[in-house]
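Shown here: final.pdb, PDB, C-alpha atoms and all ligand atoms.
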ATOM      1  CA  MET P1127     123.030 248.568 206.361
ATOM      2  CA  ILE P1128     122.239 249.652 209.954
ATOM      3  CA  ASP P1129     119.346 247.780 211.552
ATOM      4  CA  ILE P1130     117.724 250.845 213.171
ATOM      5  CA  LYS P1131     115.472 248.890 215.527
ATOM      6  CA  SER P1132     118.318 246.761 216.898
ATOM      7  CA  ALA P1133     120.603 249.773 217.202
ATOM      8  CA  TRP P1134     117.840 251.658 219.056
ATOM      9  CA  GLU P1135     117.265 248.806 221.498
ATOM     10  CA  GLU P1136     120.979 248.451 222.102
ATOM     11  CA  LEU P1137     121.268 252.185 222.745
ATOM     12  CA  HIS P1138     118.452 251.991 225.313
ATOM     13  CA  ARG P1139     120.174 249.051 227.043
ATOM     14  CA  ARG P1140     123.372 251.096 227.270
ATOM     15  CA  ILE P1141     121.512 254.048 228.756
ATOM     16  CA  GLU P1142     119.700 251.855 231.309
ATOM     17  CA  SER P1143     122.944 250.385 232.614
ATOM     18  CA  CYS P1144     125.045 253.550 232.306
ATOM     19  CA  THR P1145     127.316 254.601 235.172
ATOM     20  CA  LYS P1146     129.349 257.183 233.245
ATOM     21  CA  CYS P1147     128.562 260.041 235.648
ATOM     22  CA  GLU P1148     127.547 260.470 239.277
ATOM     23  CA  LEU P1149     123.853 260.939 238.422
ATOM     24  CA  CYS P1150     123.606 257.137 238.251
ATOM     25  CA  ASN P1151     123.973 257.032 242.045
ATOM     26  CA  THR P1152     120.785 258.954 242.802
ATOM     27  CA  ARG P1153     118.445 258.084 239.920
ATOM     28  CA  HIS P1154     115.468 255.750 240.242
ATOM     29  CA  CYS P1155     114.959 255.368 236.493
ATOM     30  CA  THR P1156     116.855 256.435 233.438
ATOM     31  CA  VAL P1157     114.702 258.573 231.137
ATOM     32  CA  PRO P1158     115.914 257.978 227.581
ATOM     33  CA  GLY P1159     113.040 259.693 225.783
ATOM     34  CA  GLU P1160     109.650 259.000 224.268
ATOM     35  CA  GLY P1161     108.002 259.238 220.889
ATOM     36  CA  PRO P1162     108.122 257.797 217.391
ATOM     37  CA  ILE P1163     111.607 256.824 216.254
ATOM     38  CA  ASP P1164     110.756 258.119 212.769
ATOM     39  CA  SER P1165     109.617 261.525 214.044
ATOM     40  CA  ARG P1166     110.742 264.474 211.951
ATOM     41  CA  VAL P1167     111.019 266.705 215.032
ATOM     42  CA  VAL P1168     112.997 266.065 218.221
ATOM     43  CA  ILE P1169     112.571 268.203 221.345
ATOM     44  CA  ILE P1170     115.448 268.284 223.816
ATOM     45  CA  GLY P1171     115.005 269.508 227.380
ATOM     46  CA  GLU P1172     117.496 269.765 230.214
ATOM     47  CA  GLY P1173     117.142 266.678 232.418
ATOM     48  CA  PRO P1174     114.471 264.588 234.136
ATOM     49  CA  GLY P1175     112.693 265.955 237.211
ATOM     50  CA  GLN P1176     111.171 263.998 240.075
ATOM     51  CA  GLU P1177     108.098 262.699 238.246
ATOM     52  CA  GLU P1178     110.185 261.764 235.220
ATOM     53  CA  ASP P1179     112.698 259.963 237.456
ATOM     54  CA  GLU P1180     109.872 257.971 239.038
ATOM     55  CA  SER P1181     108.059 257.120 235.800
ATOM     56  CA  GLY P1182     110.955 256.825 233.323
ATOM     57  CA  LYS P1183     109.079 259.151 230.940
ATOM     58  CA  PRO P1184     110.147 262.646 229.863
ATOM     59  CA  PHE P1185     108.142 265.812 230.510
ATOM     60  CA  VAL P1186     105.322 264.325 232.587
ATOM     61  CA  GLY P1187     105.606 266.841 235.454
ATOM     62  CA  LYS P1188     104.294 270.397 235.669
ATOM     63  CA  ALA P1189     106.712 271.731 233.044
ATOM     64  CA  GLY P1190     105.793 268.835 230.773
ATOM     65  CA  ARG P1191     102.091 269.543 231.072
ATOM     66  CA  LEU P1192     102.766 273.180 230.229
ATOM     67  CA  LEU P1193     104.818 272.083 227.221
ATOM     68  CA  THR P1194     101.956 269.896 225.976
ATOM     69  CA  ASP P1195      99.569 272.807 226.404
ATOM     70  CA  ILE P1196     101.785 275.293 224.574
ATOM     71  CA  LEU P1197     102.440 272.894 221.703
ATOM     72  CA  GLU P1198      98.796 271.982 221.264
ATOM     73  CA  LYS P1199      97.049 275.299 221.987
ATOM     74  CA  GLY P1200      99.794 277.586 220.690
ATOM     75  CA  GLY P1201     100.802 275.671 217.578
ATOM     76  CA  GLY P1202      98.291 272.880 217.033
ATOM     77  CA  ILE P1203     101.198 270.438 217.374
ATOM     78  CA  ASP P1204     100.360 266.992 218.738
ATOM     79  CA  ARG P1205     103.137 266.160 221.211
ATOM     80  CA  ARG P1206     102.708 262.444 220.427
ATOM     81  CA  SER P1207     104.054 263.114 216.935
ATOM     82  CA  LEU P1208     107.388 264.351 218.364
ATOM     83  CA  TYR P1209     110.301 262.545 219.928
ATOM     84  CA  ILE P1210     110.981 264.141 223.316
ATOM     85  CA  THR P1211     114.167 263.655 225.285
ATOM     86  CA  ASN P1212     116.651 265.483 227.501
ATOM     87  CA  MET P1213     120.304 266.481 227.440
ATOM     88  CA  VAL P1214     121.002 264.119 230.355
ATOM     89  CA  LYS P1215     119.075 260.905 230.891
ATOM     90  CA  CYS P1216     119.217 260.778 234.712
ATOM     91  CA  ARG P1217     117.756 263.250 237.199
ATOM     92  CA  PRO P1218     120.113 265.803 238.712
ATOM     93  CA  PRO P1219     119.398 265.864 242.491
ATOM     94  CA  ALA P1220     117.029 268.615 243.653
ATOM     95  CA  ASN P1221     116.453 269.552 240.017
ATOM     96  CA  ARG P1222     119.743 271.417 239.762
ATOM     97  CA  ASN P1223     121.181 272.014 236.305
ATOM     98  CA  PRO P1224     123.357 269.179 235.035
ATOM     99  CA  LYS P1225     127.074 269.869 235.502
ATOM    100  CA  PRO P1226     129.299 270.267 232.410
ATOM    101  CA  GLU P1227     130.959 266.906 233.085
ATOM    102  CA  GLU P1228     127.542 265.209 233.282
ATOM    103  CA  ILE P1229     126.485 266.800 229.998
ATOM    104  CA  SER P1230     129.743 265.644 228.387
ATOM    105  CA  ALA P1231     129.299 262.115 229.732
ATOM    106  CA  CYS P1232     125.728 261.857 228.427
ATOM    107  CA  ARG P1233     126.138 263.690 225.151
ATOM    108  CA  ASP P1234     127.036 260.595 223.134
ATOM    109  CA  PHE P1235     123.637 259.087 223.929
ATOM    110  CA  LEU P1236     121.795 262.150 222.639
ATOM    111  CA  GLU P1237     123.908 262.283 219.499
ATOM    112  CA  ALA P1238     123.304 258.572 218.871
ATOM    113  CA  GLN P1239     119.550 259.165 219.232
ATOM    114  CA  LEU P1240     119.689 262.027 216.739
ATOM    115  CA  LEU P1241     121.751 259.940 214.327
ATOM    116  CA  LEU P1242     119.197 257.113 214.412
ATOM    117  CA  ILE P1243     116.071 259.294 214.279
ATOM    118  CA  HIS P1244     117.613 261.658 211.735
ATOM    119  CA  PRO P1245     114.992 264.406 212.235
ATOM    120  CA  ASP P1246     114.495 267.474 210.065
ATOM    121  CA  ILE P1247     114.146 269.766 213.076
ATOM    122  CA  VAL P1248     115.694 269.745 216.546
ATOM    123  CA  VAL P1249     114.245 272.029 219.216
ATOM    124  CA  THR P1250     116.503 272.798 222.178
ATOM    125  CA  MET P1251     114.765 274.162 225.247
ATOM    126  CA  GLY P1252     116.832 276.331 227.583
ATOM    127  CA  ASN P1253     120.566 276.857 227.882
ATOM    128  CA  VAL P1254     121.416 273.307 228.969
ATOM    129  CA  PRO P1255     120.941 271.645 225.548
ATOM    130  CA  THR P1256     121.330 274.763 223.411
ATOM    131  CA  GLN P1257     124.796 275.916 224.467
ATOM    132  CA  PRO P1258     126.653 272.591 224.121
ATOM    133  CA  LEU P1259     125.025 271.654 220.812
ATOM    134  CA  LEU P1260     125.768 275.057 219.316
ATOM    135  CA  ASN P1261     129.125 275.259 221.097
ATOM    136  CA  THR P1262     128.348 278.733 222.373
ATOM    137  CA  LYS P1263     128.166 280.647 225.620
ATOM    138  CA  GLN P1264     125.396 282.852 224.237
ATOM    139  CA  GLY P1265     122.270 282.663 226.367
ATOM    140  CA  ILE P1266     118.824 281.393 225.430
ATOM    141  CA  THR P1267     117.308 284.863 225.720
ATOM    142  CA  SER P1268     119.258 286.026 222.689
ATOM    143  CA  LEU P1269     119.241 282.690 220.820
ATOM    144  CA  ARG P1270     115.567 281.780 221.139
ATOM    145  CA  GLY P1271     113.452 282.044 218.044
ATOM    146  CA  GLN P1272     116.418 282.057 215.662
ATOM    147  CA  TRP P1273     117.037 279.104 213.361
ATOM    148  CA  GLN P1274     120.480 277.531 213.668
ATOM    149  CA  ASP P1275     122.257 274.599 212.055
ATOM    150  CA  TRP P1276     123.432 271.447 213.799
ATOM    151  CA  ARG P1277     125.245 269.114 211.415
ATOM    152  CA  GLY P1278     122.858 269.900 208.586
ATOM    153  CA  ILE P1279     119.739 269.677 210.757
ATOM    154  CA  LYS P1280     117.673 272.775 211.525
ATOM    155  CA  LEU P1281     117.968 273.638 215.207
ATOM    156  CA  PHE P1282     115.461 275.946 216.875
ATOM    157  CA  PRO P1283     116.218 277.215 220.408
ATOM    158  CA  MET P1284     113.264 277.999 222.659
ATOM    159  CA  PHE P1285     112.749 278.773 226.333
ATOM    160  CA  HIS P1286     112.366 275.815 228.674
ATOM    161  CA  PRO P1287     108.801 275.526 230.020
ATOM    162  CA  SER P1288     110.090 275.508 233.617
ATOM    163  CA  TYR P1289     111.321 279.062 232.969
ATOM    164  CA  LEU P1290     107.771 280.015 232.038
ATOM    165  CA  LEU P1291     106.464 278.535 235.278
ATOM    166  CA  ARG P1292     108.584 281.119 237.089
ATOM    167  CA  ASN P1293     107.401 283.940 234.776
ATOM    168  CA  GLU P1294     103.645 283.992 234.565
ATOM    169  CA  SER P1295     103.155 287.323 232.805
ATOM    170  CA  LYS P1296     101.683 287.120 229.311
ATOM    171  CA  ALA P1297     102.457 290.759 228.493
ATOM    172  CA  VAL P1298     103.948 291.598 225.108
ATOM    173  CA  GLY P1299     107.673 290.750 225.230
ATOM    174  CA  SER P1300     107.346 288.428 228.263
ATOM    175  CA  PRO P1301     108.833 284.879 228.083
ATOM    176  CA  ARG P1302     105.326 283.392 227.706
ATOM    177  CA  TYR P1303     104.495 285.800 224.909
ATOM    178  CA  LEU P1304     107.769 285.001 223.121
ATOM    179  CA  MET P1305     107.264 281.256 223.603
ATOM    180  CA  TRP P1306     103.864 281.571 221.943
ATOM    181  CA  GLN P1307     105.521 283.298 218.960
ATOM    182  CA  ASP P1308     108.203 280.618 218.774
ATOM    183  CA  VAL P1309     105.704 277.762 218.787
ATOM    184  CA  LYS P1310     103.876 279.365 215.871
ATOM    185  CA  GLU P1311     107.185 279.711 214.006
ATOM    186  CA  LEU P1312     107.972 276.059 214.746
ATOM    187  CA  LYS P1313     104.561 274.976 213.442
ATOM    188  CA  ALA P1314     105.062 276.960 210.225
ATOM    189  CA  GLU P1315     108.363 275.126 209.649
ATOM    190  CA  ILE P1316     106.798 271.746 210.415
ATOM    191  CA  ASP P1317     104.050 272.489 207.895
ATOM    192  CA  LYS P1318     106.687 273.133 205.225
ATOM    193  CA  LEU P1319     107.987 269.563 205.774
ATOM    194  CA  LYS P1320     104.635 268.194 204.671
ATOM    195  CA  ASN P1321     104.767 269.959 201.304
TER     196      ASN P1321
HETATM  197 FE1  LIG N1401     124.926 257.831 232.138
HETATM  198 FE2  LIG N1401     123.767 260.023 231.205
HETATM  199 FE3  LIG N1401     122.818 258.870 233.400
HETATM  200 FE4  LIG N1401     125.162 260.127 233.482
HETATM  201  S1  LIG N1401     123.154 261.091 233.083
HETATM  202  S2  LIG N1401     124.700 258.096 234.361
HETATM  203  S3  LIG N1401     125.982 259.684 231.445
HETATM  204  S4  LIG N1401     122.827 257.992 231.333
END

Would you mind writing the file's structure down as C-alpha cells?
Amino acid sequence: MIDIKSAWEELHRRIESCTKCELCNTRHCTVPGEGPIDSRVVIIGEGPGQEEDESGKPFVGKAGRLLTDILEKGGGIDRRSLYITNMVKCRPPANRNPKPEEISACRDFLEAQLLLIHPDIVVTMGNVPTQPLLNTKQGITSLRGQWQDWRGIKLFPMFHPSYLLRNESKAVGSPRYLMWQDVKELKAEIDKLKN
C-alpha cells in the first residue's frame, strides 16, 4: 500500500531540488502548491508570479486575491478547502507563459500530485494547464464552463484570474460575467459531492 504522506513529502523534495528545465536558474522558491492533501477539488493555474516566487505559496498576488474573492463571493467556496497549484512550479521570468518544453518537464509533478490527492474535480484556469491536460489546441474561450474528463476525473476549464484583471467590464457576456457563472456551476458540482 502507498504511504501517501511519505510519497507526498518525497514529491515535494523532488520539486524543491528540480533542475529539469531552465526555470530553475531564475527562481527564488519553487511553488509546489498549497491546501489539504485530501481535498476533493484541485485548482491548477499557469505558473508562479513574483509574489509567489518570493513566498513559495501559490496565488498570493493580485490574481490570487481576485481568485479568493471570486470563489468566496461568487460561489461561497472557501479557498482553504481546495488544493491550489500551477502547471509549472517555478516562475517564468517577467511572468511570460511557460514554454512547451517547460510544461513537459514539469508535467510529471502535477500528475503525481493529482494521483496522490485523487480529487473528484480538477479546475484548469487558462490555456496553459487546460490545453496540455486535454491534449487540445482549442482555446479557453470556447472550452470554459464545459465539463471535460481527465482520466476519470471531472475537469472544469475556467478563465485565469489574471485575464480578468485585464478585462474589468462586468457586462453580460464579459469574461468577469462568465467567470461568475462558472464559479456558480463549480459550486453546484461541489455541493453534489456532499450528497
Ligand atoms: Fe523543475 Fe518544474 Fe521548476 Fe522546471 S518548472 S525546474 S520542471 S520544478

May I have a table of the residues of chain P lying at most 12 Å from ligand LIG 1401 (chain N), giving each one's closest pair of atoms and their distance in Å to one decimal, counting all atoms listed in the file, ordered by chain and ascending residue number, as CSV?
residue,atom,partner,partner_atom,distance
P:Leu1137,CA,N:LIG1401,S4,10.5
P:His1138,CA,N:LIG1401,S4,9.6
P:Arg1139,CA,N:LIG1401,S4,10.3
P:Arg1140,CA,N:LIG1401,S4,8.0
P:Ile1141,CA,N:LIG1401,S4,4.9
P:Glu1142,CA,N:LIG1401,S4,6.9
P:Ser1143,CA,N:LIG1401,S4,7.7
P:Cys1144,CA,N:LIG1401,FE1,4.3
P:Thr1145,CA,N:LIG1401,S2,4.4
P:Lys1146,CA,N:LIG1401,S3,4.6
P:Cys1147,CA,N:LIG1401,FE4,4.0
P:Glu1148,CA,N:LIG1401,S2,6.2
P:Leu1149,CA,N:LIG1401,S2,5.0
P:Cys1150,CA,N:LIG1401,S2,4.2
P:Asn1151,CA,N:LIG1401,S2,7.8
P:Thr1152,CA,N:LIG1401,S2,9.3
P:Arg1153,CA,N:LIG1401,FE3,7.9
P:His1154,CA,N:LIG1401,FE3,10.5
P:Cys1155,CA,N:LIG1401,FE3,9.1
P:Thr1156,CA,N:LIG1401,FE3,6.4
P:Val1157,CA,N:LIG1401,S4,8.1
P:Pro1158,CA,N:LIG1401,S4,7.9
P:Gly1159,CA,N:LIG1401,S4,11.4
P:Glu1172,CA,N:LIG1401,S1,10.7
P:Gly1173,CA,N:LIG1401,S1,8.2
P:Pro1174,CA,N:LIG1401,S1,9.4
P:Asp1179,CA,N:LIG1401,FE3,11.0
P:Thr1211,CA,N:LIG1401,FE2,11.8
P:Asn1212,CA,N:LIG1401,S1,9.6
P:Met1213,CA,N:LIG1401,FE2,8.2
P:Val1214,CA,N:LIG1401,S1,4.6
P:Lys1215,CA,N:LIG1401,S1,4.6
P:Cys1216,CA,N:LIG1401,S1,4.3
P:Arg1217,CA,N:LIG1401,S1,7.1
P:Pro1218,CA,N:LIG1401,S1,7.9
P:Pro1219,CA,N:LIG1401,S1,11.2
P:Asn1223,CA,N:LIG1401,S1,11.6
P:Pro1224,CA,N:LIG1401,S1,8.3
P:Lys1225,CA,N:LIG1401,S1,9.9
P:Pro1226,CA,N:LIG1401,FE4,11.0
P:Glu1227,CA,N:LIG1401,S3,8.9
P:Glu1228,CA,N:LIG1401,FE4,5.6
P:Ile1229,CA,N:LIG1401,S3,7.3
P:Ser1230,CA,N:LIG1401,S3,7.7
P:Ala1231,CA,N:LIG1401,S3,4.5
P:Cys1232,CA,N:LIG1401,S3,3.7
P:Arg1233,CA,N:LIG1401,S3,7.5
P:Asp1234,CA,N:LIG1401,S3,8.4
P:Phe1235,CA,N:LIG1401,FE2,7.3
P:Leu1236,CA,N:LIG1401,FE2,9.0
P:Glu1237,CA,N:LIG1401,FE2,11.9

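In terms of minimum interatomic distance to Tyr1289 of chain P, P:Met1305 ranks closest within P:Met1305, P:Val1167, P:Ile1130, P:Leu1241, counting only C-alpha atoms.
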
Quiz prompt | Residue neighbourhood Gly1271 of chain P, 7 Å, only C-alpha atoms, exclusion window fewer than 4 positions, as a PyMOL selection string | solution = chain P and resi 1282-1284+1308

Same residues, C-alpha atoms, saved as a compact mmCIF listing (two decimals), in the frame of the given file:
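Final output, saved to selection08.txt:
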# COMPACT_ATOMS: atom_id res chain seq x y z
CA PHE P 1282 115.46 275.95 216.88
CA PRO P 1283 116.22 277.21 220.41
CA MET P 1284 113.26 278.00 222.66
CA ASP P 1308 108.20 280.62 218.77

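The residue that comes closest to Ile1169 of chain P, out of P:Ser1300, P:Thr1267, P:Gln1257, P:Ser1207 and on the basis of only C-alpha atoms, is P:Ser1207.
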
Which polymer residues, whether protein, DNA or RNA, lie within 9 Å of the coordinate (114.3, 273.7, 221.4) when you count all atoms listed in the file? List them as an mmCIF file with C-alpha atoms, in the coordinates of the input, using the chain letters and numbers from the file.
data_model
loop_
_atom_site.group_PDB
_atom_site.id
_atom_site.type_symbol
_atom_site.label_atom_id
_atom_site.label_comp_id
_atom_site.auth_asym_id
_atom_site.auth_seq_id
_atom_site.Cartn_x
_atom_site.Cartn_y
_atom_site.Cartn_z
ATOM 1 C CA VAL P 1168 112.997 266.065 218.221
ATOM 2 C CA ILE P 1169 112.571 268.203 221.345
ATOM 3 C CA ILE P 1170 115.448 268.284 223.816
ATOM 4 C CA GLY P 1171 115.005 269.508 227.380
ATOM 5 C CA VAL P 1248 115.694 269.745 216.546
ATOM 6 C CA VAL P 1249 114.245 272.029 219.216
ATOM 7 C CA THR P 1250 116.503 272.798 222.178
ATOM 8 C CA MET P 1251 114.765 274.162 225.247
ATOM 9 C CA GLY P 1252 116.832 276.331 227.583
ATOM 10 C CA PRO P 1255 120.941 271.645 225.548
ATOM 11 C CA THR P 1256 121.330 274.763 223.411
ATOM 12 C CA ARG P 1270 115.567 281.780 221.139
ATOM 13 C CA LEU P 1281 117.968 273.638 215.207
ATOM 14 C CA PHE P 1282 115.461 275.946 216.875
ATOM 15 C CA PRO P 1283 116.218 277.215 220.408
ATOM 16 C CA MET P 1284 113.264 277.999 222.659
ATOM 17 C CA PHE P 1285 112.749 278.773 226.333
ATOM 18 C CA HIS P 1286 112.366 275.815 228.674
#

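Atom CA of Pro1287 of chain P to atom CA of Gly1190 of chain P spans 7.4 Å [interatomic distance, one decimal].
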